[in-house]
file model.cif (mmCIF, C-alpha atoms)
data_structure
#
loop_
_atom_site.label_atom_id
_atom_site.label_comp_id
_atom_site.auth_asym_id
_atom_site.auth_seq_id
_atom_site.Cartn_x
_atom_site.Cartn_y
_atom_site.Cartn_z
CA MET K 1184 0.00 0.00 0.00
CA SER K 1185 1.27 3.43 -0.83
CA LEU K 1186 0.03 6.95 -0.69
CA VAL K 1187 -1.16 8.25 -4.04
CA VAL K 1188 0.70 11.47 -4.75
CA LYS K 1189 -0.56 13.62 -7.58
CA PRO K 1190 1.77 16.30 -8.94
CA LYS K 1191 0.21 19.73 -8.82
CA LEU K 1192 2.46 22.22 -10.56
CA PRO K 1193 2.09 25.94 -9.99
CA VAL K 1194 0.16 27.70 -12.75
CA ALA K 1195 3.22 29.60 -13.98
CA ILE K 1196 5.21 26.39 -14.47
CA ARG K 1197 2.31 24.62 -16.23
CA VAL K 1198 1.91 27.57 -18.59
CA ALA K 1199 5.67 27.63 -19.29
CA VAL K 1200 5.84 23.88 -20.01
CA THR K 1201 2.78 24.09 -22.27
CA ALA K 1202 4.28 27.05 -24.13
CA VAL K 1203 7.59 25.25 -24.70
CA LEU K 1204 5.86 22.12 -26.03
CA ALA K 1205 3.60 24.23 -28.24
CA VAL K 1206 6.59 26.05 -29.73
CA ILE K 1207 8.41 22.78 -30.41
CA PHE K 1208 5.49 20.97 -32.02
CA LEU K 1209 3.76 23.91 -33.70
CA TYR K 1210 6.72 25.95 -34.91
CA VAL K 1211 10.14 24.33 -34.58
CA ILE K 1212 9.30 20.97 -36.16
CA PRO K 1213 7.07 22.00 -39.08
CA PHE K 1214 8.67 25.35 -39.96
CA VAL K 1215 12.33 25.10 -38.97
CA VAL K 1216 13.45 21.55 -39.79
CA PRO K 1217 13.86 20.41 -43.44
CA SER K 1218 10.82 19.13 -45.32
CA TYR K 1219 11.92 15.48 -45.33
CA LEU K 1220 12.31 15.59 -41.54
CA VAL K 1221 8.81 17.03 -41.19
CA SER K 1222 7.47 13.94 -42.97
CA GLN K 1223 9.53 11.73 -40.66
CA PHE K 1224 8.11 13.49 -37.60
CA ALA K 1225 4.62 12.94 -39.02
CA THR K 1226 5.50 9.24 -39.18
CA VAL K 1227 6.65 9.47 -35.56
CA LEU K 1228 3.20 10.76 -34.57
CA ALA K 1229 1.52 7.90 -36.46
CA PHE K 1230 3.75 5.33 -34.75
CA ALA K 1231 3.09 7.00 -31.39
CA ILE K 1232 -0.64 6.41 -31.90
CA ALA K 1233 -0.01 2.71 -32.52
CA ILE K 1234 2.27 2.51 -29.46
CA VAL K 1235 -0.41 4.07 -27.26
CA GLY K 1236 -2.62 1.19 -28.38
CA ILE K 1237 0.06 -1.27 -27.25
CA ASN K 1238 0.26 0.55 -23.91
CA LEU K 1239 -3.47 -0.01 -23.46
CA VAL K 1240 -3.58 -3.71 -24.29
CA THR K 1241 -0.17 -4.81 -22.97
CA GLY K 1242 0.87 -2.29 -20.35
CA PHE K 1243 -2.49 -2.00 -18.62
CA GLY K 1244 -4.43 -4.95 -20.04
CA GLY K 1245 -1.59 -7.42 -19.51
CA ALA K 1246 -2.03 -9.09 -22.93
CA ILE K 1247 1.22 -9.38 -24.88
CA THR K 1248 0.54 -8.66 -28.55
CA LEU K 1249 3.05 -8.99 -31.37
CA GLY K 1250 0.53 -8.61 -34.17
CA HIS K 1251 -0.02 -4.87 -34.23
CA ALA K 1252 1.29 -4.56 -37.79
CA ALA K 1253 -1.74 -6.53 -39.00
CA PHE K 1254 -4.13 -3.85 -37.72
CA VAL K 1255 -1.87 -1.08 -39.03
CA ALA K 1256 -2.07 -2.83 -42.41
CA LEU K 1257 -5.86 -3.01 -42.15
CA GLY K 1258 -6.07 0.73 -41.58
CA ALA K 1259 -3.55 1.55 -44.31
CA TYR K 1260 -5.17 -0.68 -46.93
CA THR K 1261 -8.64 0.57 -46.05
CA THR K 1262 -7.49 4.09 -46.84
CA ALA K 1263 -5.58 3.01 -49.94
CA ILE K 1264 -8.42 0.95 -51.43
CA LEU K 1265 -11.10 3.56 -50.75
CA VAL K 1266 -8.94 6.33 -52.25
CA VAL K 1267 -7.59 4.42 -55.27
CA ARG K 1268 -10.53 2.17 -56.15
CA TYR K 1269 -13.47 4.33 -55.13
CA GLY K 1270 -12.14 7.89 -55.21
CA TRP K 1271 -12.81 8.73 -51.55
CA ASN K 1272 -11.41 11.78 -49.84
CA PRO K 1273 -8.45 10.40 -47.82
CA TYR K 1274 -9.55 12.12 -44.61
CA ALA K 1275 -12.99 10.48 -44.85
CA THR K 1276 -11.31 7.07 -44.77
CA ILE K 1277 -9.82 7.59 -41.30
CA PRO K 1278 -13.05 6.87 -39.34
CA VAL K 1279 -13.73 3.89 -41.64
CA SER K 1280 -10.26 2.50 -40.92
CA ALA K 1281 -10.84 3.06 -37.19
CA ALA K 1282 -14.22 1.30 -37.27
CA LEU K 1283 -13.01 -1.71 -39.27
CA SER K 1284 -9.95 -2.11 -37.05
CA TRP K 1285 -12.12 -1.87 -33.93
CA ILE K 1286 -14.45 -4.58 -35.27
CA ALA K 1287 -11.52 -6.82 -36.21
CA GLY K 1288 -9.94 -6.32 -32.79
CA TRP K 1289 -13.21 -7.12 -31.05
CA CYS K 1290 -13.69 -10.31 -33.10
CA LEU K 1291 -10.13 -11.45 -32.44
CA GLY K 1292 -10.34 -10.46 -28.79
CA PHE K 1293 -12.68 -13.30 -27.88
CA PRO K 1294 -10.40 -16.12 -29.18
CA ALA K 1295 -7.45 -14.34 -27.57
CA LEU K 1296 -9.08 -14.81 -24.16
CA ARG K 1297 -8.31 -18.52 -24.39
CA LEU K 1298 -4.60 -17.77 -24.67
CA GLN K 1299 -2.30 -16.35 -22.01
CA GLY K 1300 1.23 -15.02 -21.85
CA LEU K 1301 3.61 -16.58 -24.36
CA TYR K 1302 0.81 -18.41 -26.18
CA LEU K 1303 -1.04 -15.16 -26.81
CA ALA K 1304 2.17 -13.50 -28.01
CA LEU K 1305 2.79 -16.36 -30.47
CA GLY K 1306 -0.83 -16.29 -31.62
CA THR K 1307 -0.67 -12.59 -32.44
CA LEU K 1308 2.75 -13.08 -34.04
CA VAL K 1309 1.16 -15.59 -36.43
CA LEU K 1310 -1.31 -12.85 -37.37
CA SER K 1311 1.56 -10.61 -38.45
CA ILE K 1312 3.10 -13.44 -40.44
CA THR K 1313 -0.06 -14.34 -42.35
CA VAL K 1314 -1.36 -10.87 -43.28
CA PRO K 1315 1.30 -9.93 -45.93
CA PRO K 1316 0.81 -13.16 -47.96
CA ILE K 1317 -2.97 -12.67 -47.84
CA LEU K 1318 -2.59 -9.13 -49.17
CA LYS K 1319 -0.44 -10.44 -52.01
CA ARG K 1320 -3.03 -13.03 -53.02
CA PHE K 1321 -5.78 -10.51 -53.82
CA ASP K 1322 -3.73 -8.52 -56.31
CA GLY K 1323 -6.78 -7.32 -58.23
CA PHE K 1324 -8.01 -5.50 -55.15
CA THR K 1325 -4.95 -4.77 -53.01
CA GLY K 1326 -2.42 -4.35 -55.80
CA GLY K 1327 -0.63 -7.54 -54.81
CA VAL K 1328 3.14 -7.38 -54.55
CA GLN K 1329 3.15 -4.03 -56.38
CA GLY K 1330 0.99 -2.38 -53.72
CA LEU K 1331 -1.14 0.73 -54.24
CA ASN K 1332 -0.02 4.27 -54.92
CA VAL K 1333 -2.19 6.43 -52.66
CA GLY K 1334 -0.49 9.77 -53.22
CA ASN K 1335 0.07 12.46 -50.61
CA PRO K 1336 -2.84 14.71 -49.61
CA GLU K 1337 -2.33 18.28 -50.75
CA ALA K 1338 -2.44 21.21 -48.37
CA PRO K 1339 -5.47 23.51 -48.73
CA ALA K 1340 -4.72 26.42 -51.04
CA PHE K 1341 -5.77 29.01 -48.46
CA LEU K 1342 -3.11 27.88 -45.96
CA PRO K 1343 0.58 28.90 -46.24
CA LEU K 1344 1.73 25.30 -45.78
CA ASP K 1345 3.41 22.77 -48.01
CA ASP K 1346 2.13 19.19 -48.24
CA SER K 1347 4.52 17.75 -45.62
CA GLN K 1348 3.64 20.47 -43.11
CA TRP K 1349 -0.07 19.94 -43.71
CA ILE K 1350 0.00 16.17 -43.13
CA TYR K 1351 2.17 16.76 -40.07
CA PHE K 1352 -0.49 19.00 -38.54
CA VAL K 1353 -3.22 16.48 -39.43
CA CYS K 1354 -1.26 13.77 -37.60
CA LEU K 1355 -0.57 16.10 -34.66
CA VAL K 1356 -4.25 16.95 -34.16
CA ILE K 1357 -5.37 13.31 -34.39
CA ALA K 1358 -2.55 12.09 -32.14
CA ALA K 1359 -3.36 14.74 -29.51
CA ALA K 1360 -7.07 13.83 -29.58
CA LEU K 1361 -6.38 10.10 -29.22
CA TYR K 1362 -3.88 10.77 -26.43
CA VAL K 1363 -6.58 12.64 -24.51
CA VAL K 1364 -9.01 9.76 -25.09
CA ALA K 1365 -6.45 7.23 -23.80
CA ARG K 1366 -5.73 9.41 -20.79
CA ARG K 1367 -9.44 9.55 -20.00
CA ILE K 1368 -9.75 5.78 -20.41
CA LEU K 1369 -6.90 5.25 -17.96
CA SER K 1370 -8.30 7.53 -15.29
CA GLY K 1371 -10.62 6.56 -12.50
CA PRO K 1372 -12.40 3.21 -12.04
CA LEU K 1373 -11.58 1.79 -15.48
CA ARG K 1374 -7.86 2.08 -14.81
CA ARG K 1375 -8.20 0.25 -11.50
CA ALA K 1376 -10.31 -2.45 -13.15
CA LEU K 1377 -7.66 -3.02 -15.83
CA ILE K 1378 -4.90 -3.23 -13.23
CA ALA K 1379 -6.90 -5.64 -11.07
CA ALA K 1380 -7.71 -7.91 -14.01
CA ARG K 1381 -4.07 -7.83 -15.13
CA ASP K 1382 -2.34 -8.42 -11.79
CA ASN K 1383 -4.74 -10.81 -10.06
CA GLN K 1384 -7.77 -12.27 -11.81
CA LEU K 1385 -9.26 -13.55 -8.54
CA VAL K 1386 -9.08 -10.11 -6.95
CA GLY K 1387 -10.57 -8.62 -10.10
CA ALA K 1388 -13.46 -11.08 -9.99
CA VAL K 1389 -14.11 -10.25 -6.34
CA MET K 1390 -14.18 -6.56 -7.29
CA GLY K 1391 -16.83 -7.37 -9.90
CA VAL K 1392 -14.56 -6.92 -12.92
CA ASP K 1393 -15.81 -8.75 -16.02
CA ARG K 1394 -12.40 -9.72 -17.34
CA ALA K 1395 -13.66 -11.19 -20.62
CA THR K 1396 -15.52 -8.06 -21.67
CA LEU K 1397 -12.83 -5.72 -20.36
CA THR K 1398 -9.96 -7.53 -22.11
CA THR K 1399 -11.87 -7.79 -25.38
CA ALA K 1400 -12.81 -4.10 -25.28
CA THR K 1401 -9.20 -3.15 -24.57
CA PHE K 1402 -7.99 -5.31 -27.46
CA ALA K 1403 -10.54 -3.65 -29.74
CA MET K 1404 -9.55 -0.14 -28.65
CA SER K 1405 -5.89 -0.97 -29.18
CA SER K 1406 -6.72 -2.21 -32.68
CA LEU K 1407 -8.61 1.01 -33.39
CA TYR K 1408 -5.50 3.03 -32.53
CA ALA K 1409 -3.41 0.83 -34.83
CA GLY K 1410 -5.94 1.26 -37.66
CA VAL K 1411 -5.85 5.05 -37.37
CA ALA K 1412 -2.05 4.91 -37.34
CA GLY K 1413 -2.12 2.81 -40.52
CA SER K 1414 -4.48 5.21 -42.26
CA LEU K 1415 -2.20 8.16 -41.45
CA TYR K 1416 0.87 6.16 -42.46
CA ALA K 1417 -0.64 5.50 -45.90
CA MET K 1418 -1.22 9.23 -46.40
CA ILE K 1419 2.26 10.19 -45.15
CA VAL K 1420 4.15 7.70 -47.33
CA GLY K 1421 1.70 7.83 -50.24
CA PHE K 1422 2.17 4.14 -50.96
CA VAL K 1423 1.29 0.81 -49.35
CA SER K 1424 2.66 -2.65 -50.03
CA PRO K 1425 2.32 -5.97 -48.15
CA ASP K 1426 6.00 -6.22 -47.22
CA THR K 1427 5.81 -2.96 -45.29
CA PHE K 1428 3.50 -4.46 -42.66
CA ASN K 1429 5.58 -7.47 -41.76
CA VAL K 1430 6.73 -9.06 -38.52
CA MET K 1431 9.53 -6.52 -38.23
CA MET K 1432 7.02 -3.69 -37.98
CA SER K 1433 5.18 -5.50 -35.17
CA LEU K 1434 8.41 -6.12 -33.31
CA SER K 1435 9.55 -2.53 -33.86
CA LEU K 1436 6.31 -1.14 -32.43
CA PHE K 1437 6.60 -3.44 -29.42
CA VAL K 1438 10.23 -2.42 -28.88
CA GLY K 1439 9.17 1.22 -29.10
CA ALA K 1440 6.53 0.62 -26.44
CA VAL K 1441 9.06 -1.04 -24.13
CA VAL K 1442 11.76 1.59 -24.64
CA GLY K 1443 9.29 4.44 -24.18
CA GLY K 1444 7.63 2.77 -21.18
CA ILE K 1445 5.01 0.05 -21.48
CA THR K 1446 2.71 1.83 -19.02
CA SER K 1447 3.68 5.38 -19.93
CA LEU K 1448 1.47 7.18 -22.44
CA ASN K 1449 3.94 10.06 -22.45
CA GLY K 1450 6.68 7.61 -23.40
CA ALA K 1451 4.88 6.66 -26.63
CA ILE K 1452 6.38 9.63 -28.47
CA ILE K 1453 9.85 8.68 -27.20
CA GLY K 1454 9.42 5.09 -28.36
CA ALA K 1455 8.14 6.26 -31.74
CA MET K 1456 11.15 8.53 -32.21
CA PHE K 1457 13.41 5.64 -31.27
CA ILE K 1458 12.04 3.25 -33.90
CA GLN K 1459 11.91 5.98 -36.56
CA PHE K 1460 15.30 7.64 -36.18
CA VAL K 1461 17.71 5.30 -34.36
CA PRO K 1462 17.80 2.57 -37.07
CA ILE K 1463 18.42 5.27 -39.71
CA TRP K 1464 21.27 6.79 -37.74
CA ALA K 1465 22.73 3.36 -37.00
CA SER K 1466 22.51 2.35 -40.68
CA ASP K 1467 24.37 5.51 -41.68
CA ILE K 1468 27.31 4.20 -39.66
CA ASP K 1469 27.00 0.57 -40.71
CA VAL K 1470 24.17 -1.24 -42.51
CA SER K 1471 24.29 -4.15 -40.06
CA LEU K 1472 23.96 -1.94 -36.97
CA GLY K 1473 20.18 -1.50 -37.18
CA GLY K 1474 19.25 -4.87 -35.67
CA LEU K 1475 22.10 -4.68 -33.16
CA VAL K 1476 20.93 -1.30 -31.88
CA PHE K 1477 17.35 -2.56 -31.56
CA GLY K 1478 18.36 -5.64 -29.61
CA GLY K 1479 20.85 -3.80 -27.44
CA ALA K 1480 18.37 -1.04 -26.59
CA LEU K 1481 15.72 -3.58 -25.64
CA ILE K 1482 18.09 -5.51 -23.35
CA ILE K 1483 19.43 -2.35 -21.70
CA THR K 1484 15.92 -1.05 -21.12
CA LEU K 1485 14.72 -4.32 -19.58
CA VAL K 1486 17.76 -4.59 -17.29
CA VAL K 1487 18.53 -0.98 -16.36
CA ILE K 1488 15.24 0.91 -16.69
CA PRO K 1489 12.38 -1.62 -16.87
CA ALA K 1490 9.90 1.25 -16.59
CA GLY K 1491 11.20 2.64 -19.89
CA ILE K 1492 12.46 6.14 -20.63
CA GLY K 1493 9.01 7.65 -20.22
CA GLY K 1494 8.39 5.76 -16.99
CA LEU K 1495 11.76 6.86 -15.62
CA GLY K 1496 10.96 10.45 -16.52
CA GLU K 1497 7.62 10.22 -14.71
CA ARG K 1498 9.36 8.83 -11.62
CA VAL K 1499 11.87 11.68 -11.63
CA PHE K 1500 9.05 14.17 -12.16
CA LEU K 1501 7.06 12.74 -9.25
CA TRP K 1502 10.14 12.76 -6.99
CA LEU K 1503 10.92 16.36 -7.92
CA CYS K 1504 7.34 17.48 -7.30
CA THR K 1505 7.36 15.72 -3.93
CA ARG K 1506 10.63 17.37 -2.90
CA LEU K 1507 9.34 20.80 -3.90
CA GLY K 1508 5.96 20.27 -2.27
CA TRP K 1509 4.00 20.52 -5.54
CA VAL K 1510 1.77 17.56 -4.69
CA GLU K 1511 -1.63 16.76 -3.31
CA GLY K 1512 -2.40 13.62 -1.29
CA ALA K 1513 -5.09 11.00 -1.74
CA GLY K 1514 -6.11 7.76 -0.09
CA PRO K 1515 -3.89 4.71 0.22
CA VAL K 1516 -3.72 2.69 -2.97
CA ARG K 1517 -1.16 0.53 -4.69
CA ALA K 1518 -1.50 1.75 -8.24
CA GLU K 1519 0.81 4.77 -8.36
CA ALA K 1520 4.01 2.77 -8.71
CA GLU K 1521 2.32 0.79 -11.46
CA ALA K 1522 1.68 3.96 -13.42
CA MET K 1523 5.42 4.26 -13.88
CA GLY K 1524 5.76 0.64 -14.92
CA SER K 1525 6.77 -1.10 -11.70
CA ALA K 1526 3.58 -2.71 -10.39
CA GLN K 1527 4.44 -5.99 -12.06
CA ASN K 1528 7.52 -6.27 -9.85
CA GLU K 1529 5.59 -5.74 -6.61
CA PRO K 1530 3.93 -8.53 -4.61
CA ALA K 1531 0.17 -8.72 -5.18
#
call {"tool": "encode", "arguments": {"input": "model.cif", "output": "structure tokens"}}
result
Amino acid sequence: MSLVVKPKLPVAIRVAVTAVLAVIFLYVIPFVVPSYLVSQFATVLAFAIAIVGINLVTGFGGAITLGHAAFVALGAYTTAILVVRYGWNPYATIPVSAALSWIAGWCLGFPALRLQGLYLALGTLVLSITVPPILKRFDGFTGGVQGLNVGNPEAPAFLPLDDSQWIYFVCLVIAAALYVVARRILSGPLRRALIAARDNQLVGAVMGVDRATLTTATFAMSSLYAGVAGSLYAMIVGFVSPDTFNVMMSLSLFVGAVVGGITSLNGAIIGAMFIQFVPIWASDIDVSLGGLVFGGALIITLVVIPAGIGGLGERVFLWLCTRLGWVEGAGPVRAEAEAMGSAQNEPA
């Protein structure tokens, strides 16, 4: 049992932090960095959305999933097919991708309840393995091995933005909205229900938690996030092909979630930047360094900072707020340590 301590920053500091973040995301990235880097940061935002989904289903739901690339592919191909085959506006395809991914996640969530731990991870891994060959089979619809050329959405003529800046701002708005939704999901009773069902099913049942419904709903919501990420990815890159959404993408997203912090929503952006930029920088030094950096970063994170970079930052932030007296107390509860990724190491 521990005392829940909620950071309560002075208004001046909150305004200053918000202003700095706003300057970075609204001015420095889209208007100062080169155009190709703006597109890469848009990809970071799309990956961050997918990683938030992994945080929901794995970090808080306790279900290890290695098949996220399949739902990213579903979202990307939904956008690509509707744009190329039926002439849809690309932005109108985003809610369709979200809905189809949510339905697919809900349908797959029920069978997943019969699997636990390693078996669930292998089952979802099989999903990532089978999706690319299936996409190649229906070449008349999906473009087969050649893929589909979606094209990049053009910036509105009345805005002084180029195409890369425009799609960056689209991704930023959607990512911010979905972050707020995830934060609301993980606040209050629903958060405690997820933690109880994850850490001790018997305790969760005594608390009245319907684990089957809760786990399935979490899986579906995680799939929705992946589908939206896939839809945005298709618009950023302007092209989709089956080999893009392979096992390596699933593993990369999972590594990003672990490095950023598996129970840290704030760490999702850190994990997304890691999987987007670090392999590129490593490959510039040596082509074979990409996989080595990924594996080494994962091992170091698990051994040195199991809470991830985001979780470590939240711990430091909480400690600093406590030392400076910028906190407010609440009743005794065990969940605060878990919020920074350490509840799994505590006795139930």
call {"tool": "atom_distance", "arguments": {"input": "model.cif", "atom1": "atom CA of Gly1493 of chain K", "atom2": "atom CA of Asn1238 of chain K"}}
result
11.9 Å
call {"tool": "resolve_selection", "arguments": {"input": "model.cif", "expression": "the PyMOL selection byres ((chain K and resi 1438-1455) around 9)", "output": "PyMOL selection string"}}
result
chain K and resi 1226-1235+1237-1239+1241-1243+1362+1365-1366+1433-1437+1456-1460+1477-1478+1480-1481+1484-1485+1488-1497+1521-1525
call {"tool": "write_last_selection", "arguments": {"input": "model.cif", "atoms": "C-alpha atoms", "output": "PDB file, in the frame of the given file"}}
result
ATOM      1  CA  THR K1226       5.500   9.240 -39.180  1.00  0.00           C
ATOM      2  CA  VAL K1227       6.650   9.470 -35.560  1.00  0.00           C
ATOM      3  CA  LEU K1228       3.200  10.760 -34.570  1.00  0.00           C
ATOM      4  CA  ALA K1229       1.520   7.900 -36.460  1.00  0.00           C
ATOM      5  CA  PHE K1230       3.750   5.330 -34.750  1.00  0.00           C
ATOM      6  CA  ALA K1231       3.090   7.000 -31.390  1.00  0.00           C
ATOM      7  CA  ILE K1232      -0.640   6.410 -31.900  1.00  0.00           C
ATOM      8  CA  ALA K1233      -0.010   2.710 -32.520  1.00  0.00           C
ATOM      9  CA  ILE K1234       2.270   2.510 -29.460  1.00  0.00           C
ATOM     10  CA  VAL K1235      -0.410   4.070 -27.260  1.00  0.00           C
ATOM     11  CA  ILE K1237       0.060  -1.270 -27.250  1.00  0.00           C
ATOM     12  CA  ASN K1238       0.260   0.550 -23.910  1.00  0.00           C
ATOM     13  CA  LEU K1239      -3.470  -0.010 -23.460  1.00  0.00           C
ATOM     14  CA  THR K1241      -0.170  -4.810 -22.970  1.00  0.00           C
ATOM     15  CA  GLY K1242       0.870  -2.290 -20.350  1.00  0.00           C
ATOM     16  CA  PHE K1243      -2.490  -2.000 -18.620  1.00  0.00           C
ATOM     17  CA  TYR K1362      -3.880  10.770 -26.430  1.00  0.00           C
ATOM     18  CA  ALA K1365      -6.450   7.230 -23.800  1.00  0.00           C
ATOM     19  CA  ARG K1366      -5.730   9.410 -20.790  1.00  0.00           C
ATOM     20  CA  SER K1433       5.180  -5.500 -35.170  1.00  0.00           C
ATOM     21  CA  LEU K1434       8.410  -6.120 -33.310  1.00  0.00           C
ATOM     22  CA  SER K1435       9.550  -2.530 -33.860  1.00  0.00           C
ATOM     23  CA  LEU K1436       6.310  -1.140 -32.430  1.00  0.00           C
ATOM     24  CA  PHE K1437       6.600  -3.440 -29.420  1.00  0.00           C
ATOM     25  CA  MET K1456      11.150   8.530 -32.210  1.00  0.00           C
ATOM     26  CA  PHE K1457      13.410   5.640 -31.270  1.00  0.00           C
ATOM     27  CA  ILE K1458      12.040   3.250 -33.900  1.00  0.00           C
ATOM     28  CA  GLN K1459      11.910   5.980 -36.560  1.00  0.00           C
ATOM     29  CA  PHE K1460      15.300   7.640 -36.180  1.00  0.00           C
ATOM     30  CA  PHE K1477      17.350  -2.560 -31.560  1.00  0.00           C
ATOM     31  CA  GLY K1478      18.360  -5.640 -29.610  1.00  0.00           C
ATOM     32  CA  ALA K1480      18.370  -1.040 -26.590  1.00  0.00           C
ATOM     33  CA  LEU K1481      15.720  -3.580 -25.640  1.00  0.00           C
ATOM     34  CA  THR K1484      15.920  -1.050 -21.120  1.00  0.00           C
ATOM     35  CA  LEU K1485      14.720  -4.320 -19.580  1.00  0.00           C
ATOM     36  CA  ILE K1488      15.240   0.910 -16.690  1.00  0.00           C
ATOM     37  CA  PRO K1489      12.380  -1.620 -16.870  1.00  0.00           C
ATOM     38  CA  ALA K1490       9.900   1.250 -16.590  1.00  0.00           C
ATOM     39  CA  GLY K1491      11.200   2.640 -19.890  1.00  0.00           C
ATOM     40  CA  ILE K1492      12.460   6.140 -20.630  1.00  0.00           C
ATOM     41  CA  GLY K1493       9.010   7.650 -20.220  1.00  0.00           C
ATOM     42  CA  GLY K1494       8.390   5.760 -16.990  1.00  0.00           C
ATOM     43  CA  LEU K1495      11.760   6.860 -15.620  1.00  0.00           C
ATOM     44  CA  GLY K1496      10.960  10.450 -16.520  1.00  0.00           C
ATOM     45  CA  GLU K1497       7.620  10.220 -14.710  1.00  0.00           C
ATOM     46  CA  GLU K1521       2.320   0.790 -11.460  1.00  0.00           C
ATOM     47  CA  ALA K1522       1.680   3.960 -13.420  1.00  0.00           C
ATOM     48  CA  MET K1523       5.420   4.260 -13.880  1.00  0.00           C
ATOM     49  CA  GLY K1524       5.760   0.640 -14.920  1.00  0.00           C
ATOM     50  CA  SER K1525       6.770  -1.100 -11.700  1.00  0.00           C
TER      51      SER K1525
END
call {"tool": "resolve_selection", "arguments": {"input": "model.cif", "expression": "the PyMOL selection byres ((chain K and resi 1333) around 8)", "output": "PDB file with C-alpha atoms, in the frame of the given file"}}
result
ATOM      1  CA  ALA K1263      -5.580   3.010 -49.940  1.00  0.00           C
ATOM      2  CA  VAL K1266      -8.940   6.330 -52.250  1.00  0.00           C
ATOM      3  CA  VAL K1267      -7.590   4.420 -55.270  1.00  0.00           C
ATOM      4  CA  LEU K1331      -1.140   0.730 -54.240  1.00  0.00           C
ATOM      5  CA  ASN K1332      -0.020   4.270 -54.920  1.00  0.00           C
ATOM      6  CA  GLY K1334      -0.490   9.770 -53.220  1.00  0.00           C
ATOM      7  CA  ASN K1335       0.070  12.460 -50.610  1.00  0.00           C
ATOM      8  CA  ALA K1417      -0.640   5.500 -45.900  1.00  0.00           C
ATOM      9  CA  MET K1418      -1.220   9.230 -46.400  1.00  0.00           C
ATOM     10  CA  GLY K1421       1.700   7.830 -50.240  1.00  0.00           C
ATOM     11  CA  PHE K1422       2.170   4.140 -50.960  1.00  0.00           C
ATOM     12  CA  VAL K1423       1.290   0.810 -49.350  1.00  0.00           C
TER      13      VAL K1423
END
call {"tool": "atom_distance", "arguments": {"input": "model.cif", "atom1": "atom CA of Arg1374 of chain K", "atom2": "atom CA of Ile1277 of chain K"}}
result
27.1 Å
call {"tool": "closest_residue", "arguments": {"input": "model.cif", "among": "K:Tyr1416, K:Trp1502, K:Phe1293, K:Trp1464", "to": "Gly1258 of chain K", "atoms": "all atoms listed in the file"}}
result
K:Tyr1416
call {"tool": "residues_near_point", "arguments": {"input": "model.cif", "point": "(0.8, -3.8, -54.6)", "cutoff": "10 Å", "atoms": "all atoms listed in the file", "output": "PyMOL selection string"}}
result
chain K and resi 1318-1319+1321-1332+1422-1426
call {"tool": "atom_distance", "arguments": {"input": "model.cif", "atom1": "atom CA of Thr1313 of chain K", "atom2": "atom CA of Leu1407 of chain K"}}
result
19.7 Å
call {"tool": "residues_around", "arguments": {"input": "model.cif", "residues": "His1251 of chain K", "least_positions_apart": "2", "cutoff": "9 Å", "atoms": "all atoms listed in the file", "output": "ChimeraX atom specification"}}
result
/K:1233,1236-1237,1248-1249,1253-1256,1307-1308,1310-1311,1405-1406,1409,1432-1434,1436-1437
call {"tool": "closest_residue", "arguments": {"input": "model.cif", "among": "K:Ser1471, K:Leu1305, K:Pro1213, K:Thr1401", "to": "Pro1343 of chain K", "atoms": "only C-alpha atoms"}}
result
K:Pro1213
call {"tool": "decode", "arguments": {"input": "model.cif", "residues": "segment 1228-1252 of chain K", "atoms": "C-alpha atoms", "output": "short mmCIF file (atom, residue, chain, number, x, y, z; two decimals), in the first residue's frame"}}
result
data_model
loop_
_atom_site.label_atom_id
_atom_site.label_comp_id
_atom_site.auth_asym_id
_atom_site.auth_seq_id
_atom_site.Cartn_x
_atom_site.Cartn_y
_atom_site.Cartn_z
CA LEU K 1228 3.20 10.76 -34.57
CA ALA K 1229 1.52 7.90 -36.46
CA PHE K 1230 3.75 5.33 -34.75
CA ALA K 1231 3.09 7.00 -31.39
CA ILE K 1232 -0.64 6.41 -31.90
CA ALA K 1233 -0.01 2.71 -32.52
CA ILE K 1234 2.27 2.51 -29.46
CA VAL K 1235 -0.41 4.07 -27.26
CA GLY K 1236 -2.62 1.19 -28.38
CA ILE K 1237 0.06 -1.27 -27.25
CA ASN K 1238 0.26 0.55 -23.91
CA LEU K 1239 -3.47 -0.01 -23.46
CA VAL K 1240 -3.58 -3.71 -24.29
CA THR K 1241 -0.17 -4.81 -22.97
CA GLY K 1242 0.87 -2.29 -20.35
CA PHE K 1243 -2.49 -2.00 -18.62
CA GLY K 1244 -4.43 -4.95 -20.04
CA GLY K 1245 -1.59 -7.42 -19.51
CA ALA K 1246 -2.03 -9.09 -22.93
CA ILE K 1247 1.22 -9.38 -24.88
CA THR K 1248 0.54 -8.66 -28.55
CA LEU K 1249 3.05 -8.99 -31.37
CA GLY K 1250 0.53 -8.61 -34.17
CA HIS K 1251 -0.02 -4.87 -34.23
CA ALA K 1252 1.29 -4.56 -37.79
#
